[in-house]
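> The file below is upload_22.txt, compact mmCIF, C-alpha atoms and all ligand atoms:
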```txt
# COMPACT_ATOMS: atom_id res chain seq x y z
CA ALA X 1 76.85 127.90 105.10
CA ASP X 2 78.09 125.36 107.61
CA PRO X 3 81.62 124.50 106.41
CA ALA X 4 81.41 121.02 107.99
CA LEU X 5 78.33 120.14 105.91
CA ARG X 6 78.33 118.20 102.65
CA ALA X 7 76.00 115.81 100.84
CA VAL X 8 76.00 112.89 98.42
CA ARG X 9 73.10 112.30 96.03
CA GLY X 10 72.21 108.91 94.53
CA GLU X 11 70.05 105.84 95.07
CA ILE X 12 70.28 105.07 98.80
CA VAL X 13 69.61 101.69 100.46
CA HIS X 14 70.15 100.87 104.10
CA PHE X 15 68.48 98.87 106.88
CA LEU X 16 66.66 99.92 110.02
CA ALA X 17 66.12 96.36 111.27
CA ASP X 18 66.50 92.70 110.27
CA PRO X 19 64.31 91.99 107.22
CA ALA X 20 63.82 88.44 108.58
CA GLU X 21 62.06 89.97 111.60
CA ARG X 22 60.57 93.21 110.32
CA GLY X 23 59.80 92.37 106.67
CA PRO X 24 59.77 95.13 104.04
CA ALA X 25 59.69 97.85 106.74
CA ALA X 26 63.28 96.94 107.63
CA THR X 27 64.61 98.35 104.35
CA GLU X 28 64.84 102.07 103.70
CA HIS X 29 65.17 102.87 99.99
CA PHE X 30 65.36 106.33 98.42
CA PRO X 31 65.59 105.97 94.60
CA ASP X 32 66.75 109.59 94.43
CA GLY X 33 68.22 110.08 97.87
CA LEU X 34 70.44 112.52 99.68
CA LEU X 35 72.93 111.58 102.39
CA ILE X 36 73.88 114.66 104.38
CA LEU X 37 77.15 114.52 106.31
CA ARG X 38 78.42 116.73 109.10
CA ASP X 39 81.87 116.35 110.65
CA GLY X 40 82.25 112.80 109.38
CA ARG X 41 78.88 111.62 110.63
CA VAL X 42 75.45 111.14 109.11
CA ALA X 43 73.38 114.27 109.71
CA GLU X 44 70.34 113.18 107.74
CA CYS X 45 69.29 110.79 105.00
CA GLY X 46 66.12 110.94 102.89
CA PRO X 47 64.54 111.78 99.53
CA ALA X 48 66.53 114.41 97.64
CA ALA X 49 63.29 116.20 96.77
CA ASP X 50 62.62 116.82 100.48
CA LEU X 51 66.14 117.50 101.70
CA LEU X 52 67.72 119.55 98.87
CA PRO X 53 65.45 122.61 99.35
CA ARG X 54 66.39 122.73 103.05
CA LEU X 55 70.12 122.32 102.48
CA PRO X 56 71.95 125.56 103.35
CA ALA X 57 72.99 127.44 100.21
CA GLY X 58 76.54 126.63 99.14
CA THR X 59 76.62 123.13 100.66
CA PRO X 60 78.65 120.93 98.28
CA VAL X 61 76.61 118.08 96.79
CA GLU X 62 78.40 115.16 95.13
CA ASP X 63 76.21 113.73 92.38
CA ARG X 64 76.23 109.92 92.17
CA SER X 65 73.00 109.52 90.19
CA GLY X 66 72.77 106.03 88.68
CA ARG X 67 74.84 104.61 91.52
CA LEU X 68 73.81 102.88 94.74
CA ILE X 69 74.90 104.33 98.08
CA MET X 70 75.04 101.88 100.98
CA PRO X 71 76.70 101.67 104.41
CA GLY X 72 80.20 100.16 104.23
CA PHE X 73 80.43 96.39 104.57
CA VAL X 74 81.32 94.77 107.90
CA ASP X 75 83.57 91.70 107.73
CA THR X 76 83.29 89.95 111.10
CA HIS X 77 86.12 87.46 110.57
CA ILE X 78 89.37 87.72 108.63
CA HIS X 79 93.11 87.04 109.10
CA TYR X 80 95.36 89.80 107.76
CA ALA X 81 98.46 87.60 108.03
CA GLN X 82 96.82 85.10 105.66
CA THR X 83 96.60 87.56 102.78
CA ASP X 84 99.32 85.58 101.01
CA VAL X 85 97.79 82.20 101.94
CA ILE X 86 94.66 82.83 99.87
CA ALA X 87 94.17 80.24 97.09
CA SER X 88 96.44 77.54 98.55
CA HIS X 89 95.51 74.18 97.08
CA GLY X 90 94.29 70.88 98.32
CA GLU X 91 93.85 70.61 102.10
CA GLN X 92 91.20 70.69 104.78
CA LEU X 93 91.56 72.76 107.95
CA LEU X 94 94.18 70.99 110.09
CA ALA X 95 96.55 70.08 107.24
CA TRP X 96 95.98 73.50 105.66
CA LEU X 97 97.07 75.19 108.92
CA GLU X 98 100.27 73.12 109.08
CA LYS X 99 101.18 73.28 105.41
CA TYR X 100 100.37 76.88 104.48
CA THR X 101 99.15 79.01 107.35
CA PHE X 102 101.68 78.51 110.12
CA PRO X 103 104.68 79.11 107.80
CA ALA X 104 103.05 82.28 106.42
CA GLU X 105 102.28 83.56 109.93
CA GLY X 106 105.88 82.89 110.95
CA ARG X 107 107.03 85.62 108.57
CA PHE X 108 105.28 88.19 110.79
CA ALA X 109 108.14 88.02 113.26
CA ASP X 110 109.58 90.62 110.85
CA PRO X 111 107.88 93.98 111.52
CA VAL X 112 108.82 95.26 108.07
CA HIS X 113 106.92 92.38 106.47
CA ALA X 114 104.01 92.94 108.87
CA ALA X 115 103.79 96.64 107.96
CA GLU X 116 103.84 95.92 104.24
CA VAL X 117 101.08 93.30 104.45
CA ALA X 118 99.01 95.44 106.84
CA GLY X 119 99.00 98.33 104.37
CA PHE X 120 98.05 96.10 101.46
CA PHE X 121 95.35 94.42 103.55
CA CYS X 122 93.66 97.66 104.64
CA ASP X 123 93.75 99.00 101.07
CA GLU X 124 92.24 95.73 99.84
CA LEU X 125 89.43 95.95 102.40
CA LEU X 126 88.64 99.49 101.26
CA ARG X 127 88.83 98.55 97.58
CA ASN X 128 86.19 95.90 98.29
CA GLY X 129 83.93 98.27 100.20
CA THR X 130 84.67 96.83 103.64
CA THR X 131 84.97 99.65 106.14
CA THR X 132 85.06 97.66 109.39
CA ALA X 133 86.60 94.25 110.02
CA MET X 134 87.32 91.99 112.99
CA VAL X 135 90.80 90.71 112.37
CA PHE X 136 93.23 88.05 113.59
CA ALA X 137 96.85 89.21 113.63
CA THR X 138 99.54 86.62 114.55
CA VAL X 139 101.13 85.57 117.83
CA HIS X 140 103.64 88.45 117.46
CA PRO X 141 102.58 91.59 119.35
CA ALA X 142 104.26 93.77 116.70
CA SER X 143 101.92 92.28 114.08
CA VAL X 144 99.05 93.92 115.97
CA ASP X 145 100.89 97.24 116.12
CA ALA X 146 101.46 97.08 112.35
CA LEU X 147 97.78 96.44 111.62
CA PHE X 148 96.44 99.09 113.99
CA GLU X 149 98.90 101.62 112.60
CA ALA X 150 97.72 100.88 109.04
CA ALA X 151 94.03 101.13 110.03
CA GLN X 152 94.65 104.28 112.06
CA ALA X 153 96.35 105.98 109.09
CA ARG X 154 93.19 105.22 107.04
CA ARG X 155 90.88 106.27 109.91
CA MET X 156 89.11 102.89 109.81
CA ARG X 157 87.06 101.31 112.58
CA LEU X 158 88.83 98.01 113.14
CA ILE X 159 88.88 95.29 115.80
CA ALA X 160 91.98 93.11 116.10
CA GLY X 161 94.11 91.12 118.47
CA LYS X 162 97.25 89.08 119.03
CA VAL X 163 96.80 85.34 118.57
CA LEU X 164 97.16 83.31 121.77
CA MET X 165 98.66 79.90 120.99
CA ASP X 166 100.81 77.92 123.44
CA ARG X 167 100.60 74.32 122.16
CA HIS X 168 100.11 72.16 119.04
CA CYS X 169 101.85 74.65 116.80
CA PRO X 170 105.41 75.32 115.60
CA ASP X 171 107.88 76.69 118.18
CA PHE X 172 108.29 79.90 116.21
CA LEU X 173 104.57 80.71 116.71
CA ARG X 174 104.26 79.68 120.36
CA ASP X 175 103.69 81.98 123.32
CA THR X 176 102.97 80.94 126.91
CA ALA X 177 99.95 81.44 129.12
CA GLU X 178 101.94 84.11 130.97
CA SER X 179 103.53 85.93 128.01
CA GLY X 180 100.29 85.83 126.03
CA TYR X 181 98.41 87.38 128.94
CA ARG X 182 101.03 90.08 129.54
CA GLU X 183 101.45 91.00 125.87
CA SER X 184 97.69 91.11 125.29
CA ARG X 185 97.23 93.38 128.29
CA ALA X 186 99.91 95.75 127.02
CA LEU X 187 98.24 95.85 123.58
CA ILE X 188 94.85 96.57 125.16
CA GLU X 189 96.40 99.48 127.05
CA ARG X 190 98.12 100.77 123.91
CA TRP X 191 95.28 100.41 121.41
CA HIS X 192 91.80 99.71 122.76
CA GLY X 193 89.60 102.75 122.27
CA ARG X 194 92.32 104.76 120.55
CA ASP X 195 90.72 106.61 117.61
CA ARG X 196 88.36 104.01 116.09
CA LEU X 197 90.37 100.94 117.09
CA LEU X 198 89.17 98.19 119.40
CA TYR X 199 91.01 95.21 120.86
CA ALA X 200 89.97 91.55 120.70
CA VAL X 201 91.42 88.87 122.98
CA THR X 202 92.27 86.19 120.39
CA PRO X 203 92.70 82.57 121.52
CA ARG X 204 93.19 80.92 118.09
CA PHE X 205 90.96 77.90 118.93
CA ALA X 206 90.71 75.49 121.85
CA PRO X 207 93.25 72.94 120.49
CA THR X 208 96.15 75.42 120.36
CA SER X 209 95.76 76.77 123.88
CA THR X 210 96.49 74.92 127.12
CA PRO X 211 93.83 75.05 129.82
CA GLU X 212 96.09 77.63 131.56
CA GLN X 213 96.04 79.87 128.50
CA MET X 214 92.30 79.40 128.01
CA GLN X 215 91.85 80.58 131.59
CA ALA X 216 94.13 83.57 131.02
CA ALA X 217 92.13 84.53 127.89
CA GLY X 218 88.88 84.42 129.85
CA ARG X 219 90.49 86.56 132.53
CA LEU X 220 91.66 89.19 129.99
CA PHE X 221 88.11 89.33 128.57
CA ALA X 222 86.60 89.75 132.05
CA GLU X 223 89.15 92.29 133.29
CA HIS X 224 88.73 94.73 130.41
CA PRO X 225 85.10 95.79 129.93
CA GLY X 226 84.41 96.74 126.31
CA VAL X 227 87.17 94.55 124.94
CA TYR X 228 86.23 91.86 122.39
CA LEU X 229 87.07 88.17 122.14
CA GLN X 230 87.38 86.24 118.89
CA SER X 231 88.02 82.58 118.16
CA HIS X 232 86.97 79.65 115.96
CA VAL X 233 84.48 76.92 116.86
CA ALA X 234 83.07 73.75 115.28
CA GLU X 235 84.45 74.35 111.80
CA ASN X 236 85.72 70.92 110.75
CA ARG X 237 84.76 67.42 111.91
CA GLY X 238 88.35 66.33 112.55
CA GLU X 239 88.85 69.46 114.66
CA VAL X 240 85.66 68.76 116.65
CA ASP X 241 86.84 65.19 117.42
CA TRP X 242 90.24 66.52 118.50
CA VAL X 243 88.65 69.01 120.91
CA ALA X 244 86.52 66.23 122.42
CA ARG X 245 89.73 64.28 123.15
CA LEU X 246 91.57 67.32 124.55
CA TYR X 247 88.72 68.50 126.76
CA PRO X 248 86.88 65.29 127.77
CA HIS X 249 84.91 66.97 130.53
CA ALA X 250 83.24 69.56 128.30
CA ARG X 251 79.71 68.93 127.04
CA SER X 252 80.61 70.25 123.59
CA TYR X 253 83.27 72.24 121.74
CA LEU X 254 81.44 75.49 122.49
CA ASP X 255 81.17 74.47 126.15
CA VAL X 256 84.99 74.57 126.37
CA TYR X 257 84.87 78.32 125.66
CA GLU X 258 82.01 78.82 128.09
CA ARG X 259 83.87 77.01 130.89
CA TYR X 260 86.77 79.42 130.44
CA GLY X 261 84.58 82.55 130.51
CA GLN X 262 84.88 83.26 126.81
CA LEU X 263 81.21 83.71 125.88
CA GLY X 264 79.42 87.02 126.26
CA PRO X 265 78.62 90.25 124.49
CA ARG X 266 81.42 91.16 122.04
CA SER X 267 82.63 87.56 121.69
CA VAL X 268 82.61 86.43 118.06
CA TYR X 269 83.05 82.82 116.91
CA ALA X 270 83.89 81.96 113.33
CA HIS X 271 82.16 79.06 111.54
CA CYS X 272 79.75 77.53 114.13
CA ILE X 273 78.91 74.69 111.75
CA TRP X 274 78.97 71.57 113.95
CA LEU X 275 76.96 72.96 116.87
CA ASP X 276 73.75 71.67 118.39
CA ASP X 277 70.77 73.71 119.54
CA ALA X 278 72.00 73.69 123.14
CA ASP X 279 75.16 75.44 121.92
CA ARG X 280 73.14 77.91 119.84
CA ALA X 281 70.92 78.66 122.83
CA ARG X 282 74.02 79.40 124.96
CA MET X 283 75.35 81.76 122.30
CA ALA X 284 72.02 83.58 122.13
CA ALA X 285 71.65 83.79 125.92
CA THR X 286 75.18 85.16 126.39
CA GLY X 287 75.11 87.67 123.51
CA SER X 288 77.87 85.85 121.64
CA ALA X 289 77.92 86.15 117.86
CA MET X 290 78.48 83.74 114.98
CA SER X 291 80.53 84.69 111.96
CA PHE X 292 79.24 82.84 108.88
CA CYS X 293 82.17 82.35 106.50
CA PRO X 294 80.78 80.67 103.37
CA THR X 295 83.73 80.95 100.98
CA SER X 296 86.02 79.42 103.59
CA ASN X 297 83.56 76.69 104.57
CA LEU X 298 83.28 75.56 100.94
CA PHE X 299 86.96 76.02 100.08
CA LEU X 300 88.21 74.02 103.09
CA GLY X 301 85.37 71.49 102.71
CA SER X 302 84.27 72.24 106.28
CA GLY X 303 80.48 72.04 106.04
CA LEU X 304 77.29 74.04 105.66
CA PHE X 305 76.30 76.77 108.13
CA ASP X 306 72.71 76.52 109.40
CA LEU X 307 71.30 80.06 109.40
CA ALA X 308 67.73 78.90 110.04
CA ARG X 309 68.70 77.31 113.38
CA ALA X 310 70.75 80.36 114.38
CA ASP X 311 67.71 82.53 113.61
CA ALA X 312 65.31 80.17 115.40
CA LEU X 313 67.38 80.41 118.58
CA GLY X 314 67.96 84.14 118.23
CA VAL X 315 71.74 84.20 117.82
CA ARG X 316 73.49 87.28 116.43
CA VAL X 317 75.00 86.45 113.04
CA GLY X 318 77.44 88.39 110.86
CA LEU X 319 79.34 87.47 107.71
CA GLY X 320 83.05 86.81 107.46
CA THR X 321 85.36 86.36 104.51
CA ASP X 322 87.88 84.36 106.61
CA VAL X 323 90.69 85.16 104.17
CA GLY X 324 93.00 83.15 103.68
CA GLY X 325 90.76 80.09 104.31
CA GLY X 326 88.20 82.19 102.49
CA THR X 327 88.71 82.89 98.82
CA SER X 328 87.68 86.53 98.44
CA PHE X 329 87.92 89.90 100.20
CA SER X 330 84.64 90.83 98.54
CA MET X 331 81.49 90.79 100.66
CA LEU X 332 79.50 90.58 97.41
CA ALA X 333 81.32 87.36 96.50
CA THR X 334 80.75 86.20 100.08
CA LEU X 335 77.00 86.80 99.76
CA ASN X 336 77.02 84.82 96.52
CA GLU X 337 78.48 81.81 98.31
CA ALA X 338 76.28 82.32 101.39
CA TYR X 339 73.28 81.97 99.12
CA LYS X 340 74.60 78.66 97.73
CA VAL X 341 75.52 77.24 101.16
CA LEU X 342 71.98 77.92 102.34
CA GLN X 343 70.54 76.40 99.17
CA MET X 344 72.44 73.21 99.98
CA ASN X 345 70.69 73.26 103.39
CA GLY X 346 67.25 73.81 101.84
CA GLN X 347 67.27 77.42 103.08
CA ASN X 348 66.74 80.67 101.27
CA LEU X 349 68.63 83.95 101.59
CA PRO X 350 66.60 86.90 100.28
CA ALA X 351 68.71 89.73 98.89
CA GLU X 352 67.58 92.31 101.45
CA ARG X 353 68.52 89.93 104.27
CA ALA X 354 71.87 89.31 102.61
CA PHE X 355 72.75 93.02 102.42
CA TYR X 356 71.44 93.51 105.95
CA LEU X 357 73.86 90.82 107.18
CA ALA X 358 76.72 92.50 105.32
CA THR X 359 75.99 95.89 106.95
CA LEU X 360 73.72 96.41 109.99
CA GLY X 361 73.65 92.70 110.90
CA GLY X 362 77.43 92.63 111.05
CA ALA X 363 77.46 95.84 113.11
CA ARG X 364 74.94 94.30 115.53
CA SER X 365 76.93 91.12 115.90
CA LEU X 366 79.85 93.36 116.94
CA TRP X 367 77.63 95.50 119.20
CA LEU X 368 78.56 98.52 117.07
CA ASP X 369 75.17 99.31 115.53
CA ASP X 370 75.01 102.58 117.49
CA ARG X 371 78.08 103.73 115.51
CA ILE X 372 78.12 102.01 112.12
CA GLY X 373 76.02 99.83 109.81
CA SER X 374 73.25 102.23 108.81
CA PHE X 375 72.52 105.83 107.86
CA ALA X 376 70.61 106.64 111.05
CA ALA X 377 71.47 110.18 112.22
CA GLY X 378 74.73 110.35 114.16
CA ARG X 379 76.27 107.21 112.69
CA GLU X 380 79.89 107.40 111.52
CA ALA X 381 79.76 108.15 107.78
CA ASP X 382 81.42 105.01 106.40
CA PHE X 383 79.70 104.26 103.10
CA ILE X 384 80.23 102.89 99.62
CA VAL X 385 79.19 103.86 96.12
CA ILE X 386 78.22 100.87 94.00
CA ASP X 387 78.03 100.72 90.22
CA PRO X 388 75.30 98.15 89.55
CA ALA X 389 76.37 98.00 85.89
CA ALA X 390 80.11 97.59 86.41
CA THR X 391 80.50 94.77 83.89
CA PRO X 392 78.73 94.12 80.58
CA LEU X 393 76.88 91.14 82.03
CA LEU X 394 75.81 93.06 85.16
CA ALA X 395 74.60 95.97 83.04
CA ARG X 396 72.59 93.62 80.83
CA ARG X 397 71.08 91.56 83.63
CA VAL X 398 70.36 94.44 86.03
CA ALA X 399 68.53 96.32 83.28
CA GLN X 400 66.00 93.48 83.24
CA ALA X 401 65.47 93.47 87.01
CA GLU X 402 62.28 95.19 88.07
CA THR X 403 62.30 95.43 91.85
CA LEU X 404 64.98 96.55 94.30
CA ALA X 405 65.19 92.96 95.60
CA GLU X 406 65.86 91.66 92.10
CA ARG X 407 68.55 94.25 91.48
CA LEU X 408 70.25 93.56 94.82
CA PHE X 409 70.16 89.85 94.07
CA VAL X 410 71.79 90.31 90.67
CA LEU X 411 74.43 92.46 92.39
CA MET X 412 75.26 89.82 95.00
CA MET X 413 75.39 86.99 92.47
CA LEU X 414 77.36 88.77 89.73
CA GLY X 415 79.11 91.56 91.61
CA ASP X 416 82.56 91.87 93.17
CA ASP X 417 85.18 94.56 93.77
CA ARG X 418 84.61 95.93 90.25
CA CYS X 419 81.24 97.27 91.47
CA ILE X 420 82.73 99.26 94.37
CA THR X 421 83.50 102.59 92.75
CA GLU X 422 84.16 104.55 95.96
CA THR X 423 84.64 103.86 99.66
CA TRP X 424 84.19 106.70 102.13
CA ILE X 425 85.51 106.69 105.68
CA MET X 426 84.19 109.20 108.25
CA GLY X 427 82.74 111.37 105.51
CA GLU X 428 85.88 111.46 103.35
CA ARG X 429 86.59 109.48 100.21
CA ALA X 430 89.24 106.88 101.07
CA ALA X 431 89.32 104.80 97.89
CA ALA X 432 88.05 105.15 94.34
CA ARG X 433 88.34 103.02 91.25
CA GLY X 434 90.59 104.58 88.66
CA ALA X 435 89.27 105.70 85.31
CA THR X 436 91.66 103.34 83.52
CA ARG X 437 92.24 99.84 84.85
CA GLY X 438 90.51 99.84 88.19
CA GLU X 439 93.60 100.81 90.17
CA PRO X 440 92.83 102.41 93.53
CA HIS X 441 94.13 105.92 94.04
CA PRO X 442 93.46 106.88 97.65
N1 LIG M 501 91.00 77.43 113.12
C1 LIG M 501 92.12 77.73 113.80
N2 LIG M 501 92.88 78.59 113.11
C2 LIG M 501 92.23 78.82 111.96
C3 LIG M 501 92.52 79.63 110.82
O1 LIG M 501 93.54 80.30 110.73
N3 LIG M 501 91.61 79.61 109.82
C4 LIG M 501 90.46 78.89 109.88
N4 LIG M 501 89.60 78.92 108.87
N5 LIG M 501 90.17 78.12 110.94
C5 LIG M 501 91.05 78.08 111.96
ZN ZN M 502 89.48 82.16 110.68
```
Can you turn what I pasted into structure tokens?

Amino acid sequence: ADPALRAVRGEIVHFLADPAERGPAATEHFPDGLLILRDGRVAECGPAADLLPRLPAGTPVEDRSGRLIMPGFVDTHIHYAQTDVIASHGEQLLAWLEKYTFPAEGRFADPVHAAEVAGFFCDELLRNGTTTAMVFATVHPASVDALFEAAQARRMRLIAGKVLMDRHCPDFLRDTAESGYRESRALIERWHGRDRLLYAVTPRFAPTSTPEQMQAAGRLFAEHPGVYLQSHVAENRGEVDWVARLYPHARSYLDVYERYGQLGPRSVYAHCIWLDDADRARMAATGSAMSFCPTSNLFLGSGLFDLARADALGVRVGLGTDVGGGTSFSMLATLNEAYKVLQMNGQNLPAERAFYLATLGGARSLWLDDRIGSFAAGREADFIVIDPAATPLLARRVAQAETLAERLFVLMMLGDDRCITETWIMGERAAARGATRGEPHP
């Protein structure tokens, strides 16, 4: 027997394409499936009845019958330094930044604090079934080191970067166009492409960078092929008005980023609420992605994301929790709120599309679908085991669901971290719910 070979048996669901484009053919569903792993990657995935007889004798098979096996979730926008800001009452974006977020980020000048939060944050991602995230650190370069070290120890695929912010913020969080450029470049050299880690140039948003820093961010993005760029755009109406005053020559908020060379493949913009179709067309044409962050958009009273217009113009879209503006690390809870945001816009989010966005769609928006997001052969074996009957209500309601779509919908409306019984990274179990009170024991 091949010692590197192992398999997991259970109900398997993953996506080969976008259900909005390909219909039912986009979903691959094996009610009794087998996921075969070799050296941390997917070797093969299919019906257990076909694959078990061909499995070399002695290959270990983990039996997860009654459970759902799915690719790990991809969170395309989150702030690790805002872990302790979550559930802070009463403000919209700009006041919320001043009152809660900037003071919390200031504490990351202390590398001991940064390391403690980074460890908690990565464990919390895994506990919620999120195996890849695109993450804001703080302005402190050591905050990026702390996060990458925590992700590296857990063998996670993670994208992160140092915040660039040289105006309209407290002194203790301010860099300069020059120091931000130099420190980002050093972090790229230290971390980008090391193990599974990738670097993102991270101008916080147009109001907190001078034109000189915006130019330096665009230059970093251009000078380092393969590096990412992440920012925020058109989240809150007060913010949009402010940007119009700060950059009077730009056609729109998004146009500010374009003028500074910050659109393109591997650029990811959170929120994208107050855009017009000209903006959406520029994002599509440049390969830029939108991160739809429904829990944050409702919590901060920002507005309602328009998925139908993003789809109509062909923009890449992923989902983000945006913790701490967002209110949950759970992508299931995020899908629940995505559904309601779209309802408020007269739009409908089918369950298969929802789970596509949380897995392969997120991977595509990050240009990582050749590595993660599905069980296609050769993909990195990051996957989760879901208990669709994790609570009494879930068990009761899911028992009455007839189709896969109905069951997935019940899961996204009623499910949360309690449903994630195991999270596997590169073919190894990285987190599991305890038999007692749901404590993780990695
Ligand atoms: N815009 C600029 N910074 C932030 C942030 O930290 N959170 C959110 N939600 N929006 C922002
Ligand atoms: Zn954010």
> Expressed in Å to a single decimal, how great is the separation between atom N4 of ligand LIG 501 (chain M) and CA of Ala333 (chain X)?
17.1 Å
> Could you pull the residues within 9 Å of Pro350 (chain X), counting all atoms listed in the file, minus those fewer than 4 positions along the same chain, as an MDAnalysis selection string?
chainID X and resid 19:20 339 354:355 405 409
> Give me, as a tab-separated table, each residue of chain X that comes within 9 Å of ligand ZN 502 (chain M), together with its shortest interatomic pair and the distance in Å at one decimal, counting only C-alpha atoms and all ligand atoms, with rows ordered by chain and rising residue number.

```
residue	atom	partner	partner_atom	distance
X:His77	CA	M:ZN502	ZN	6.3
X:Ile78	CA	M:ZN502	ZN	5.9
X:His79	CA	M:ZN502	ZN	6.3
X:Val135	CA	M:ZN502	ZN	8.8
X:Phe136	CA	M:ZN502	ZN	7.6
X:Arg204	CA	M:ZN502	ZN	8.4
X:Ser231	CA	M:ZN502	ZN	7.6
X:His232	CA	M:ZN502	ZN	6.4
X:Tyr269	CA	M:ZN502	ZN	9.0
X:Ala270	CA	M:ZN502	ZN	6.2
X:His271	CA	M:ZN502	ZN	8.0
X:Cys293	CA	M:ZN502	ZN	8.4
X:Ser296	CA	M:ZN502	ZN	8.4
X:Gly320	CA	M:ZN502	ZN	8.6
X:Thr321	CA	M:ZN502	ZN	8.5
X:Asp322	CA	M:ZN502	ZN	4.9
X:Val323	CA	M:ZN502	ZN	7.3
X:Gly324	CA	M:ZN502	ZN	7.9
X:Gly325	CA	M:ZN502	ZN	6.8
X:Gly326	CA	M:ZN502	ZN	8.3
```
> Could you tell me how far CA of Pro294 (chain X) sits from CA of Leu411 (chain X), in Å to one decimal place?
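It comes out at 17.3 Å.
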> Determine the axis-aligned bounding box of all atoms of region 283-295 of chain X present in the file, pad each side by 6 Å, and express its centre and edge lengths in Å to one decimal place as AutoDock Vina command-line options.

```
--center_x 77.7 --center_y 84.2 --center_z 113.7 --size_x 24.1 --size_y 19.0 --size_z 37.4
```
